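Here the structure comes first, spelled out in structure tokens, and everything after it is commentary.
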Amino acid sequence: MSERRQRLLYAALAVPFGAPSVLFGGAMAVIGMAGSVLSLADGTVELPSQALMLVWGLAGLAGCLAWLDLSCGYLFGGRSALRTRSRVQWGALLLGMLAALPLLGMGLWLGITHGIEGLGLLLMGPSLLVPAGMLLWLRPRA
């Protein structure tokens, strides 16, 4: 498959799967981080659970930002642009992918038990796994 076709395929995956996850998942990550910081400041909740929410939100937000940068680089510069990206960006993408896995499990479980409403949770991060996986697949070939 030519690089042009790969970029078109990636764009076709990034728009329906990546854009909603970055918008909704990024917003939820920021809200979760702000809520945990406010709860820590008030002293209303125990430290371990709020620290976990803060770290989970940071990982999700880092993954969203890394995906945006890597995607723009690939779409505008091709595989050679992926070669120039740092290991930190790839690590942030992997952290974001790990942060999306619990939401994937919850979304699938709620989808099975509660119907289609539960599948909406998949738009808050897990759908980003599809284009992020393609970026990881393209990276060794870069």
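Identifiers in this document derive from the order of the structure tokens: chains are assigned A, B, ..., residues are numbered from 1 separately in each chain, and ligands are numbered from 1 in order of occurrence.
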Go through region 18-67 of chain A residue by residue and, counting only C-alpha atoms, keep those with an atom at most 8 Å from region 94-111 of chain A; for each kept residue give the shortest atom pair and its distance in Å to one decimal, ordered by chain and increasing number, as a Markdown table.
```
| residue | atom | partner | partner_atom | distance |
| --- | --- | --- | --- | --- |
| A:Trp56 | CA | A:Ala99 | CA | 6.1 |
| A:Ala59 | CA | A:Gly96 | CA | 5.1 |
| A:Gly60 | CA | A:Gly96 | CA | 4.5 |
| A:Leu61 | CA | A:Gly96 | CA | 7.0 |
| A:Ala62 | CA | A:Gly96 | CA | 6.2 |
| A:Gly63 | CA | A:Gly96 | CA | 3.7 |
| A:Cys64 | CA | A:Gly96 | CA | 6.7 |
```
Okay, now the selection with N, CA and C atoms, as a PDB file, in the first residue's frame?
```pdb
ATOM      1  N   TRP A  56      -4.525   9.267  36.493  1.00  0.00           N
ATOM      2  CA  TRP A  56      -5.287   8.730  35.360  1.00  0.00           C
ATOM      3  C   TRP A  56      -5.653   9.852  34.393  1.00  0.00           C
ATOM      4  N   ALA A  59      -2.507  10.986  32.524  1.00  0.00           N
ATOM      5  CA  ALA A  59      -2.131  10.021  31.489  1.00  0.00           C
ATOM      6  C   ALA A  59      -3.052  10.147  30.277  1.00  0.00           C
ATOM      7  N   GLY A  60      -4.349  10.293  30.526  1.00  0.00           N
ATOM      8  CA  GLY A  60      -5.287  10.447  29.422  1.00  0.00           C
ATOM      9  C   GLY A  60      -5.053  11.718  28.631  1.00  0.00           C
ATOM     10  N   LEU A  61      -4.831  12.813  29.335  1.00  0.00           N
ATOM     11  CA  LEU A  61      -4.582  14.088  28.659  1.00  0.00           C
ATOM     12  C   LEU A  61      -3.259  14.059  27.889  1.00  0.00           C
ATOM     13  N   ALA A  62      -2.237  13.451  28.475  1.00  0.00           N
ATOM     14  CA  ALA A  62      -0.959  13.321  27.775  1.00  0.00           C
ATOM     15  C   ALA A  62      -1.112  12.498  26.503  1.00  0.00           C
ATOM     16  N   GLY A  63      -1.916  11.439  26.584  1.00  0.00           N
ATOM     17  CA  GLY A  63      -2.156  10.609  25.405  1.00  0.00           C
ATOM     18  C   GLY A  63      -2.890  11.367  24.314  1.00  0.00           C
ATOM     19  N   CYS A  64      -3.882  12.160  24.712  1.00  0.00           N
ATOM     20  CA  CYS A  64      -4.629  12.956  23.721  1.00  0.00           C
ATOM     21  C   CYS A  64      -3.719  13.955  23.023  1.00  0.00           C
TER      22      CYS A  64
END
```
Near region 76-84 of chain A, within 8 Å and counting only C-alpha atoms, which residues show up once chain neighbours fewer than 2 positions away are dropped, as a PDB file with N, CA, C and O atoms, in the first residue's frame?
```
ATOM      1  N   GLU A   3       2.170   5.139   0.508  1.00  0.00           N
ATOM      2  CA  GLU A   3       2.076   6.025   1.677  1.00  0.00           C
ATOM      3  C   GLU A   3       0.876   6.959   1.575  1.00  0.00           C
ATOM      4  O   GLU A   3       0.231   7.260   2.573  1.00  0.00           O
ATOM      5  N   ARG A   7      -2.009   7.256   4.397  1.00  0.00           N
ATOM      6  CA  ARG A   7      -2.417   8.517   5.025  1.00  0.00           C
ATOM      7  C   ARG A   7      -3.909   8.748   4.886  1.00  0.00           C
ATOM      8  O   ARG A   7      -4.554   9.222   5.808  1.00  0.00           O
ATOM      9  N   LEU A  70       1.321  13.636  17.003  1.00  0.00           N
ATOM     10  CA  LEU A  70       1.780  12.571  16.110  1.00  0.00           C
ATOM     11  C   LEU A  70       0.910  12.470  14.863  1.00  0.00           C
ATOM     12  O   LEU A  70       1.409  12.248  13.757  1.00  0.00           O
ATOM     13  N   CYS A  72      -0.937  14.913  13.409  1.00  0.00           N
ATOM     14  CA  CYS A  72      -0.652  16.049  12.519  1.00  0.00           C
ATOM     15  C   CYS A  72       0.685  15.853  11.816  1.00  0.00           C
ATOM     16  O   CYS A  72       0.808  16.122  10.618  1.00  0.00           O
ATOM     17  N   GLY A  73       1.665  15.383  12.551  1.00  0.00           N
ATOM     18  CA  GLY A  73       2.965  15.124  11.942  1.00  0.00           C
ATOM     19  C   GLY A  73       2.882  14.095  10.836  1.00  0.00           C
ATOM     20  O   GLY A  73       3.456  14.276   9.768  1.00  0.00           O
ATOM     21  N   TYR A  74       2.144  13.012  11.080  1.00  0.00           N
ATOM     22  CA  TYR A  74       2.037  11.972  10.058  1.00  0.00           C
ATOM     23  C   TYR A  74       1.223  12.436   8.858  1.00  0.00           C
ATOM     24  O   TYR A  74       1.601  12.200   7.713  1.00  0.00           O
ATOM     25  N   SER A  86       9.930  12.456  19.372  1.00  0.00           N
ATOM     26  CA  SER A  86      10.735  11.957  20.488  1.00  0.00           C
ATOM     27  C   SER A  86      10.085  10.740  21.142  1.00  0.00           C
ATOM     28  O   SER A  86       8.896  10.477  20.978  1.00  0.00           O
ATOM     29  N   LEU A 138       2.614   1.944  12.238  1.00  0.00           N
ATOM     30  CA  LEU A 138       3.404   2.648  11.227  1.00  0.00           C
ATOM     31  C   LEU A 138       4.789   3.025  11.735  1.00  0.00           C
ATOM     32  O   LEU A 138       5.727   3.167  10.950  1.00  0.00           O
ATOM     33  N   ARG A 139       4.943   3.198  13.038  1.00  0.00           N
ATOM     34  CA  ARG A 139       6.197   3.668  13.593  1.00  0.00           C
ATOM     35  C   ARG A 139       7.407   2.776  13.265  1.00  0.00           C
ATOM     36  O   ARG A 139       8.423   3.285  12.817  1.00  0.00           O
ATOM     37  N   ARG A 141       7.889   1.003  10.820  1.00  0.00           N
ATOM     38  CA  ARG A 141       8.163   1.076   9.388  1.00  0.00           C
ATOM     39  C   ARG A 141       8.750   2.432   9.014  1.00  0.00           C
ATOM     40  O   ARG A 141       9.146   2.623   7.899  1.00  0.00           O
ATOM     41  N   ALA A 142       8.759   3.383   9.949  1.00  0.00           N
ATOM     42  CA  ALA A 142       9.241   4.731   9.643  1.00  0.00           C
ATOM     43  C   ALA A 142      10.745   4.751   9.540  1.00  0.00           C
ATOM     44  O   ALA A 142      11.447   3.952  10.091  1.00  0.00           O
TER      45      ALA A 142
END
```
Exercise. Looking only at alpha helix (DSSP H) from DSSP on the backbone, list the matching residues of chain A as a PyMOL selection string.
Key: chain A and resi 3-13+19-20+26-42+47-77+79-84+87-114+116-119+129-138
Practice problem: Excluding Gly35 (chain A) and residues on its chain fewer than 3 positions from it, collect all residues at most 12 Å away from it, counting only C-alpha atoms, and give them as JSON, numbers by chain. | Solution: {"A": [28, 29, 30, 31, 32, 38, 39, 40, 41, 42, 43, 44, 45, 49, 50, 51, 52, 53, 54, 57]}
Now that the selection is made, can you save its residues with N, CA and C atoms as a short mmCIF file (atom, residue, chain, number, x, y, z; two decimals), in the first residue's frame?
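Once written, result-v6.cif looks like this:
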```cif
data_model
loop_
_atom_site.label_atom_id
_atom_site.label_comp_id
_atom_site.auth_asym_id
_atom_site.auth_seq_id
_atom_site.Cartn_x
_atom_site.Cartn_y
_atom_site.Cartn_z
N MET A 28 -13.00 15.13 29.78
CA MET A 28 -13.22 14.35 31.00
C MET A 28 -11.92 14.23 31.81
N ALA A 29 -10.80 14.14 31.14
CA ALA A 29 -9.53 14.07 31.85
C ALA A 29 -9.28 15.37 32.62
N VAL A 30 -9.53 16.50 31.98
CA VAL A 30 -9.34 17.79 32.64
C VAL A 30 -10.32 17.94 33.81
N ILE A 31 -11.57 17.55 33.59
CA ILE A 31 -12.57 17.64 34.67
C ILE A 31 -12.18 16.73 35.83
N GLY A 32 -11.74 15.52 35.53
CA GLY A 32 -11.31 14.60 36.58
C GLY A 32 -10.12 15.12 37.36
N LEU A 38 -9.37 19.79 43.53
CA LEU A 38 -10.29 20.50 44.44
C LEU A 38 -10.63 19.65 45.65
N SER A 39 -10.84 18.37 45.46
CA SER A 39 -11.14 17.49 46.60
C SER A 39 -9.95 17.34 47.53
N LEU A 40 -8.76 17.31 46.96
CA LEU A 40 -7.56 17.26 47.80
C LEU A 40 -7.40 18.55 48.59
N ALA A 41 -7.72 19.68 47.96
CA ALA A 41 -7.60 20.96 48.66
C ALA A 41 -8.62 21.07 49.79
N ASP A 42 -9.82 20.54 49.57
CA ASP A 42 -10.86 20.56 50.61
C ASP A 42 -10.61 19.54 51.69
N GLY A 43 -9.91 18.48 51.37
CA GLY A 43 -9.70 17.40 52.32
C GLY A 43 -10.94 16.53 52.49
N THR A 44 -11.81 16.53 51.49
CA THR A 44 -13.07 15.78 51.60
C THR A 44 -12.92 14.31 51.21
N VAL A 45 -11.88 13.96 50.47
CA VAL A 45 -11.73 12.59 49.99
C VAL A 45 -10.34 12.10 50.36
N SER A 49 -7.32 7.65 46.47
CA SER A 49 -8.27 7.64 45.36
C SER A 49 -8.16 8.90 44.52
N GLN A 50 -7.93 10.03 45.14
CA GLN A 50 -7.80 11.28 44.38
C GLN A 50 -6.48 11.33 43.62
N ALA A 51 -5.44 10.78 44.21
CA ALA A 51 -4.16 10.73 43.49
C ALA A 51 -4.28 9.83 42.27
N LEU A 52 -5.01 8.73 42.41
CA LEU A 52 -5.23 7.85 41.27
C LEU A 52 -5.99 8.57 40.16
N MET A 53 -7.02 9.30 40.52
CA MET A 53 -7.79 10.06 39.52
C MET A 53 -6.92 11.12 38.84
N LEU A 54 -6.07 11.76 39.62
CA LEU A 54 -5.19 12.79 39.07
C LEU A 54 -4.20 12.17 38.07
N GLY A 57 -6.09 10.99 34.93
CA GLY A 57 -6.42 12.14 34.09
C GLY A 57 -5.20 12.68 33.35
#
```
Quiz item: From the list A:Ile112, A:Leu75, A:Leu65, A:Leu93, which residue is nearest Leu13 (chain A) when using only C-alpha atoms?
Solution: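 So, comparing all the options, the nearest one is A:Leu75.
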Practice problem: Considering only C-alpha atoms, return as a count of residues only whatever protein or nucleic-acid residues lie within 6 Å of Leu123 (chain A), sequence-local ones (same chain, fewer than 4 positions apart) excluded. | Solution: 3
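When only C-alpha atoms are used to measure the gap to Leu23 (chain A), the shortest distance among A:Glu46, A:Gly125, A:Pro131, A:Gln89 belongs to A:Gly125.
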Exercise. Would you work out the distance separating CA of Trp67 (chain A) from CA of Ala132 (chain A), expressed in Å to one decimal?
Key: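 That distance, rounded to one decimal, is 6.7 Å.
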Quiz prompt | Distance criterion (only C-alpha atoms): nearest to Ser71 (chain A) out of A:Trp90, A:Ile116, A:Ser36, A:Pro140 | solution =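 Checking each of A:Trp90, A:Ile116, A:Ser36, A:Pro140 against Ser71 (chain A), counting only C-alpha atoms, the winner is A:Trp90.
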Quiz item: Pick the closest to Val22 (chain A) from A:Ala66, A:Leu119, A:Val88, A:Leu135: which is it, counting only C-alpha atoms?
Solution: A:Ala66
